[in-house]
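> Okay, so here is final-v7.txt, and as you'll see once you scroll down, it has compact mmCIF, N, CA, C and O atoms.
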```txt
# COMPACT_ATOMS: atom_id res chain seq x y z
N MET N 1169 4.18 -10.05 12.30
CA MET N 1169 4.60 -10.65 11.04
C MET N 1169 5.67 -9.77 10.42
O MET N 1169 5.51 -8.56 10.30
N ALA N 1170 6.76 -10.36 10.00
CA ALA N 1170 7.84 -9.62 9.36
C ALA N 1170 7.44 -9.27 7.93
O ALA N 1170 6.60 -9.93 7.33
N ASP N 1171 8.07 -8.25 7.39
CA ASP N 1171 7.74 -7.81 6.04
C ASP N 1171 8.02 -8.87 5.01
O ASP N 1171 7.27 -9.05 4.07
N GLY N 1172 9.11 -9.61 5.15
CA GLY N 1172 9.50 -10.59 4.15
C GLY N 1172 8.64 -11.84 4.15
O GLY N 1172 8.60 -12.56 3.17
N GLU N 1173 7.95 -12.12 5.25
CA GLU N 1173 7.17 -13.35 5.32
C GLU N 1173 6.05 -13.38 4.30
O GLU N 1173 5.79 -14.39 3.68
N LEU N 1174 5.39 -12.25 4.09
CA LEU N 1174 4.28 -12.20 3.16
C LEU N 1174 4.76 -12.43 1.74
O LEU N 1174 4.10 -13.10 0.95
N ARG N 1175 5.92 -11.91 1.40
CA ARG N 1175 6.43 -12.07 0.04
C ARG N 1175 6.93 -13.49 -0.21
O ARG N 1175 6.82 -13.98 -1.31
N ARG N 1176 7.50 -14.13 0.80
CA ARG N 1176 8.09 -15.45 0.60
C ARG N 1176 7.07 -16.57 0.66
O ARG N 1176 7.26 -17.61 0.07
N ASP N 1177 5.98 -16.37 1.37
CA ASP N 1177 5.02 -17.44 1.58
C ASP N 1177 3.88 -17.33 0.57
O ASP N 1177 2.99 -16.50 0.72
N PRO N 1178 3.88 -18.15 -0.49
CA PRO N 1178 2.83 -18.02 -1.51
C PRO N 1178 1.45 -18.40 -1.00
O PRO N 1178 0.45 -17.98 -1.54
N ALA N 1179 1.36 -19.20 0.07
CA ALA N 1179 0.06 -19.60 0.60
C ALA N 1179 -0.68 -18.43 1.24
O ALA N 1179 -1.89 -18.43 1.33
N SER N 1180 0.04 -17.42 1.69
CA SER N 1180 -0.60 -16.30 2.38
C SER N 1180 -1.05 -15.20 1.43
O SER N 1180 -1.55 -14.19 1.86
N ARG N 1181 -0.87 -15.38 0.15
CA ARG N 1181 -1.23 -14.33 -0.80
C ARG N 1181 -2.72 -14.24 -1.08
O ARG N 1181 -3.19 -13.23 -1.54
N GLY N 1182 -3.46 -15.31 -0.87
CA GLY N 1182 -4.90 -15.24 -1.06
C GLY N 1182 -5.41 -16.37 -1.93
O GLY N 1182 -4.65 -17.18 -2.45
N PRO N 1183 -6.73 -16.41 -2.11
CA PRO N 1183 -7.34 -17.52 -2.83
C PRO N 1183 -7.08 -17.50 -4.32
O PRO N 1183 -7.17 -18.51 -4.98
N ARG N 1184 -6.75 -16.39 -4.90
CA ARG N 1184 -6.59 -16.28 -6.34
C ARG N 1184 -5.42 -17.12 -6.85
O ARG N 1184 -5.51 -17.72 -7.92
N ASP N 1185 -4.31 -17.17 -6.13
CA ASP N 1185 -3.14 -17.92 -6.59
C ASP N 1185 -3.46 -19.40 -6.76
O ASP N 1185 -3.11 -20.00 -7.76
N GLY N 1186 -4.12 -20.00 -5.80
CA GLY N 1186 -4.43 -21.42 -5.87
C GLY N 1186 -5.42 -21.76 -6.96
O GLY N 1186 -5.32 -22.76 -7.64
N ARG N 1187 -6.39 -20.91 -7.19
CA ARG N 1187 -7.40 -21.19 -8.20
C ARG N 1187 -6.83 -21.08 -9.60
O ARG N 1187 -7.22 -21.80 -10.50
N ASP N 1188 -5.91 -20.15 -9.83
CA ASP N 1188 -5.30 -20.00 -11.15
C ASP N 1188 -4.55 -21.26 -11.54
O ASP N 1188 -4.57 -21.66 -12.69
N ALA N 1189 -3.89 -21.88 -10.58
CA ALA N 1189 -3.12 -23.09 -10.87
C ALA N 1189 -4.06 -24.24 -11.20
O ALA N 1189 -3.78 -25.05 -12.08
N GLU N 1190 -5.22 -24.32 -10.56
CA GLU N 1190 -6.14 -25.43 -10.79
C GLU N 1190 -6.90 -25.27 -12.10
O GLU N 1190 -7.02 -26.20 -12.87
N GLY N 1191 -7.44 -24.10 -12.36
CA GLY N 1191 -8.32 -23.93 -13.51
C GLY N 1191 -7.66 -23.20 -14.65
O GLY N 1191 -8.32 -22.44 -15.35
N ALA N 1192 -6.39 -23.41 -14.89
CA ALA N 1192 -5.69 -22.66 -15.91
C ALA N 1192 -6.17 -23.00 -17.31
O ALA N 1192 -6.28 -22.13 -18.16
N GLY N 1193 -6.49 -24.26 -17.60
CA GLY N 1193 -6.85 -24.63 -18.96
C GLY N 1193 -8.31 -24.95 -19.15
O GLY N 1193 -8.67 -25.56 -20.15
N THR N 1194 -9.20 -24.56 -18.26
CA THR N 1194 -10.59 -24.96 -18.37
C THR N 1194 -11.32 -24.17 -19.44
O THR N 1194 -12.10 -24.74 -20.19
N GLY N 1195 -11.14 -22.86 -19.51
CA GLY N 1195 -11.79 -22.05 -20.53
C GLY N 1195 -13.30 -22.15 -20.49
O GLY N 1195 -13.93 -22.41 -21.50
N THR N 1196 -13.92 -21.92 -19.33
CA THR N 1196 -15.35 -22.12 -19.19
C THR N 1196 -16.18 -20.93 -19.63
O THR N 1196 -17.39 -21.01 -19.63
N GLY N 1197 -15.56 -19.82 -19.98
CA GLY N 1197 -16.36 -18.74 -20.55
C GLY N 1197 -16.16 -17.40 -19.89
O GLY N 1197 -15.28 -17.21 -19.07
N ALA N 1198 -17.05 -16.48 -20.28
CA ALA N 1198 -16.93 -15.09 -19.85
C ALA N 1198 -17.33 -14.91 -18.39
O ALA N 1198 -16.94 -13.94 -17.77
N VAL N 1199 -18.13 -15.82 -17.84
CA VAL N 1199 -18.56 -15.68 -16.45
C VAL N 1199 -17.36 -15.74 -15.53
O VAL N 1199 -17.23 -14.93 -14.61
N ASN N 1200 -16.44 -16.67 -15.76
CA ASN N 1200 -15.24 -16.77 -14.93
C ASN N 1200 -14.35 -15.56 -15.12
O ASN N 1200 -13.66 -15.15 -14.19
N ASP N 1201 -14.31 -15.00 -16.33
CA ASP N 1201 -13.50 -13.80 -16.57
C ASP N 1201 -14.00 -12.64 -15.73
O ASP N 1201 -13.22 -11.89 -15.17
N VAL N 1202 -15.33 -12.50 -15.64
CA VAL N 1202 -15.90 -11.41 -14.83
C VAL N 1202 -15.59 -11.65 -13.36
O VAL N 1202 -15.20 -10.74 -12.64
N GLU N 1203 -15.73 -12.91 -12.90
CA GLU N 1203 -15.41 -13.22 -11.52
C GLU N 1203 -13.93 -12.97 -11.23
O GLU N 1203 -13.58 -12.43 -10.19
N ASP N 1204 -13.06 -13.37 -12.15
CA ASP N 1204 -11.63 -13.13 -11.97
C ASP N 1204 -11.32 -11.65 -11.91
O ASP N 1204 -10.51 -11.21 -11.10
N ALA N 1205 -11.98 -10.87 -12.77
CA ALA N 1205 -11.73 -9.43 -12.78
C ALA N 1205 -12.16 -8.81 -11.45
O ALA N 1205 -11.45 -7.98 -10.88
N GLN N 1206 -13.34 -9.22 -10.96
CA GLN N 1206 -13.83 -8.67 -9.70
C GLN N 1206 -12.94 -9.11 -8.54
O GLN N 1206 -12.60 -8.31 -7.67
N GLU N 1207 -12.57 -10.38 -8.54
CA GLU N 1207 -11.72 -10.88 -7.46
C GLU N 1207 -10.34 -10.25 -7.50
O GLU N 1207 -9.77 -9.91 -6.49
N SER N 1208 -9.80 -10.09 -8.71
CA SER N 1208 -8.48 -9.48 -8.81
C SER N 1208 -8.54 -8.02 -8.37
O SER N 1208 -7.59 -7.52 -7.78
N ASP N 1209 -9.67 -7.35 -8.64
CA ASP N 1209 -9.83 -5.98 -8.19
C ASP N 1209 -9.89 -5.92 -6.67
O ASP N 1209 -9.24 -5.08 -6.05
N VAL N 1210 -10.62 -6.85 -6.08
CA VAL N 1210 -10.70 -6.91 -4.61
C VAL N 1210 -9.33 -7.23 -4.03
O VAL N 1210 -8.89 -6.61 -3.06
N ALA N 1211 -8.63 -8.19 -4.65
CA ALA N 1211 -7.30 -8.55 -4.16
C ALA N 1211 -6.33 -7.38 -4.31
O ALA N 1211 -5.51 -7.14 -3.42
N ARG N 1212 -6.44 -6.66 -5.42
CA ARG N 1212 -5.56 -5.51 -5.63
C ARG N 1212 -5.82 -4.44 -4.57
O ARG N 1212 -4.88 -3.86 -4.01
N ARG N 1213 -7.08 -4.19 -4.29
CA ARG N 1213 -7.42 -3.20 -3.26
C ARG N 1213 -6.91 -3.64 -1.90
O ARG N 1213 -6.43 -2.82 -1.11
N ARG N 1214 -7.02 -4.94 -1.61
CA ARG N 1214 -6.53 -5.47 -0.32
C ARG N 1214 -5.02 -5.30 -0.22
O ARG N 1214 -4.50 -4.87 0.81
N ARG N 1215 -4.31 -5.64 -1.31
CA ARG N 1215 -2.85 -5.48 -1.30
C ARG N 1215 -2.46 -4.02 -1.18
O ARG N 1215 -1.52 -3.66 -0.47
N ARG N 1216 -3.19 -3.13 -1.86
CA ARG N 1216 -2.90 -1.70 -1.81
C ARG N 1216 -3.12 -1.15 -0.40
O ARG N 1216 -2.31 -0.38 0.11
N ALA N 1217 -4.21 -1.57 0.25
CA ALA N 1217 -4.48 -1.12 1.61
C ALA N 1217 -3.38 -1.60 2.56
O ALA N 1217 -2.93 -0.84 3.42
N GLN N 1218 -2.95 -2.85 2.39
CA GLN N 1218 -1.87 -3.37 3.22
C GLN N 1218 -0.58 -2.58 2.99
O GLN N 1218 0.12 -2.22 3.94
N PHE N 1219 -0.28 -2.29 1.74
CA PHE N 1219 0.92 -1.52 1.42
C PHE N 1219 0.86 -0.13 2.05
O PHE N 1219 1.84 0.34 2.63
N LEU N 1220 -0.30 0.53 1.94
CA LEU N 1220 -0.42 1.87 2.49
C LEU N 1220 -0.31 1.86 4.02
O LEU N 1220 0.27 2.78 4.60
N ARG N 1221 -0.87 0.82 4.66
CA ARG N 1221 -0.71 0.71 6.12
C ARG N 1221 0.75 0.57 6.50
O ARG N 1221 1.24 1.24 7.41
N GLU N 1222 1.47 -0.29 5.78
CA GLU N 1222 2.89 -0.50 6.08
C GLU N 1222 3.70 0.76 5.79
O GLU N 1222 4.63 1.09 6.54
N LEU N 1223 3.36 1.46 4.72
CA LEU N 1223 4.06 2.70 4.39
C LEU N 1223 3.86 3.75 5.48
O LEU N 1223 4.81 4.41 5.92
N HIS N 1224 2.62 3.88 5.94
CA HIS N 1224 2.32 4.84 7.00
C HIS N 1224 3.07 4.50 8.28
O HIS N 1224 3.63 5.38 8.95
N GLU N 1225 3.10 3.20 8.60
CA GLU N 1225 3.83 2.75 9.78
C GLU N 1225 5.32 3.04 9.66
O GLU N 1225 5.97 3.49 10.61
N ALA N 1226 5.89 2.82 8.47
CA ALA N 1226 7.31 3.08 8.25
C ALA N 1226 7.61 4.57 8.37
O ALA N 1226 8.64 4.95 8.94
N LYS N 1227 6.71 5.42 7.86
CA LYS N 1227 6.93 6.86 7.98
C LYS N 1227 6.87 7.31 9.43
O LYS N 1227 7.67 8.17 9.85
N GLN N 1228 5.94 6.75 10.20
CA GLN N 1228 5.88 7.09 11.62
C GLN N 1228 7.14 6.67 12.34
O GLN N 1228 7.66 7.40 13.18
N LEU N 1229 7.63 5.48 12.03
CA LEU N 1229 8.87 5.00 12.65
C LEU N 1229 10.04 5.91 12.30
O LEU N 1229 10.83 6.28 13.16
N ARG N 1230 10.14 6.29 11.03
CA ARG N 1230 11.22 7.17 10.61
C ARG N 1230 11.13 8.52 11.33
O ARG N 1230 12.15 9.08 11.74
N ASP N 1231 9.91 9.03 11.49
CA ASP N 1231 9.74 10.31 12.19
C ASP N 1231 10.17 10.20 13.65
O ASP N 1231 10.73 11.14 14.20
N ARG N 1232 9.90 9.06 14.27
CA ARG N 1232 10.33 8.89 15.67
C ARG N 1232 11.83 8.74 15.78
O ARG N 1232 12.45 9.23 16.72
N VAL N 1233 12.44 8.08 14.80
CA VAL N 1233 13.87 7.82 14.87
C VAL N 1233 14.68 9.06 14.49
O VAL N 1233 15.76 9.29 15.02
N GLN N 1234 14.14 9.87 13.58
CA GLN N 1234 14.86 11.06 13.12
C GLN N 1234 14.00 12.30 13.35
O GLN N 1234 13.46 12.89 12.41
N PRO N 1235 13.89 12.75 14.59
CA PRO N 1235 12.97 13.86 14.88
C PRO N 1235 13.37 15.18 14.23
O PRO N 1235 12.51 15.96 13.83
N ARG N 1236 14.67 15.41 14.07
CA ARG N 1236 15.08 16.68 13.47
C ARG N 1236 14.68 16.74 12.00
O ARG N 1236 14.17 17.74 11.50
N ARG N 1237 14.90 15.64 11.30
CA ARG N 1237 14.52 15.57 9.88
C ARG N 1237 13.00 15.67 9.72
O ARG N 1237 12.49 16.33 8.81
N ALA N 1238 12.26 15.02 10.62
CA ALA N 1238 10.80 15.07 10.57
C ALA N 1238 10.30 16.50 10.80
O ALA N 1238 9.38 16.97 10.11
N ARG N 1239 10.92 17.20 11.75
CA ARG N 1239 10.51 18.58 12.02
C ARG N 1239 10.81 19.47 10.82
O ARG N 1239 9.97 20.30 10.43
N ALA N 1240 11.96 19.29 10.21
CA ALA N 1240 12.30 20.09 9.02
C ALA N 1240 11.32 19.80 7.88
O ALA N 1240 10.90 20.73 7.18
N ALA N 1241 10.93 18.54 7.72
CA ALA N 1241 9.97 18.20 6.67
C ALA N 1241 8.61 18.83 6.95
O ALA N 1241 7.94 19.32 6.03
N ARG N 1242 8.19 18.85 8.23
CA ARG N 1242 6.93 19.50 8.58
C ARG N 1242 6.98 20.99 8.29
O ARG N 1242 6.03 21.57 7.78
N MET N 1243 8.11 21.62 8.60
CA MET N 1243 8.26 23.05 8.33
C MET N 1243 8.21 23.34 6.82
O MET N 1243 7.58 24.31 6.39
N ARG N 1244 8.89 22.50 6.04
CA ARG N 1244 8.85 22.69 4.58
C ARG N 1244 7.42 22.53 4.05
O ARG N 1244 6.98 23.30 3.19
N GLN N 1245 6.71 21.54 4.55
CA GLN N 1245 5.33 21.32 4.11
C GLN N 1245 4.45 22.51 4.48
O GLN N 1245 3.62 22.96 3.68
N GLN N 1246 4.62 23.04 5.69
CA GLN N 1246 3.84 24.21 6.10
C GLN N 1246 4.15 25.41 5.21
O GLN N 1246 3.25 26.16 4.84
N MET N 1247 5.43 25.59 4.87
CA MET N 1247 5.80 26.70 4.00
C MET N 1247 5.18 26.52 2.61
O MET N 1247 4.67 27.48 2.02
N ARG N 1248 5.20 25.30 2.10
CA ARG N 1248 4.56 25.05 0.79
C ARG N 1248 3.07 25.36 0.85
O ARG N 1248 2.52 25.96 -0.07
N MET N 1249 2.42 24.99 1.94
CA MET N 1249 0.98 25.22 2.03
C MET N 1249 0.68 26.71 2.19
O MET N 1249 -0.33 27.20 1.68
N ARG N 1250 1.56 27.44 2.87
CA ARG N 1250 1.32 28.87 3.04
C ARG N 1250 1.51 29.63 1.74
O ARG N 1250 0.83 30.62 1.48
N THR N 1251 2.45 29.19 0.90
CA THR N 1251 2.75 29.93 -0.32
C THR N 1251 1.96 29.42 -1.52
O THR N 1251 2.09 29.96 -2.61
N PHE N 1252 1.17 28.37 -1.33
CA PHE N 1252 0.38 27.83 -2.44
C PHE N 1252 -0.76 28.77 -2.80
O PHE N 1252 -1.42 29.31 -1.92
N ARG N 1253 -0.94 28.98 -4.09
CA ARG N 1253 -2.05 29.83 -4.54
C ARG N 1253 -2.97 29.03 -5.46
O ARG N 1253 -2.51 28.24 -6.26
N TRP N 1254 -4.26 29.26 -5.34
CA TRP N 1254 -5.24 28.58 -6.17
C TRP N 1254 -5.18 29.19 -7.49
O TRP N 1254 -5.46 29.29 -8.44
```
Kindly present the structure from the file in structure tokens form.

Amino acid sequence: MADGELRRDPASRGPRDGRDAEGAGTGTGAVNDVEDAQESDVARRRRRAQFLRELHEAKQLRDRVQPRRARAARMRQQMRMRTFRW
């Protein structure tokens, strides 16, 4: 799946988008608010996990494509860790 497909296709975003359009004016009470909050939290965590997976994959790709820059970054990180004091 390409990166842009997820952003362009609203059907692939999850169940929350469709339900908001259907029940926008119902106002059935606090029970739905709690369900929405829990579902939105689950959806947010799912989106965050997907983002972090893609970020990690992009960093690995960049490291493979630019090995000299990746090695220099590793050396800088090692130096920071060696000179760090509690």
> Quick one, how far is atom C of N:Arg1230 from atom N of N:Arg1242?
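Computing the Euclidean distance for atom C of N:Arg1230 and atom N of N:Arg1242 yields 11.2 Å.
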> One decimal, Å: what's the distance from atom CA of N:Met1249 over to atom CA of N:Arg1216, could you say?
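Atom CA of N:Arg1216 lies 27.5 Å from atom CA of N:Met1249.
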> Please measure the separation of atom N of N:Leu1223 and atom O of N:Arg1239, giving the value in Å to one decimal.
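Separation between atom N of N:Leu1223 and atom O of N:Arg1239: 20.8 Å.
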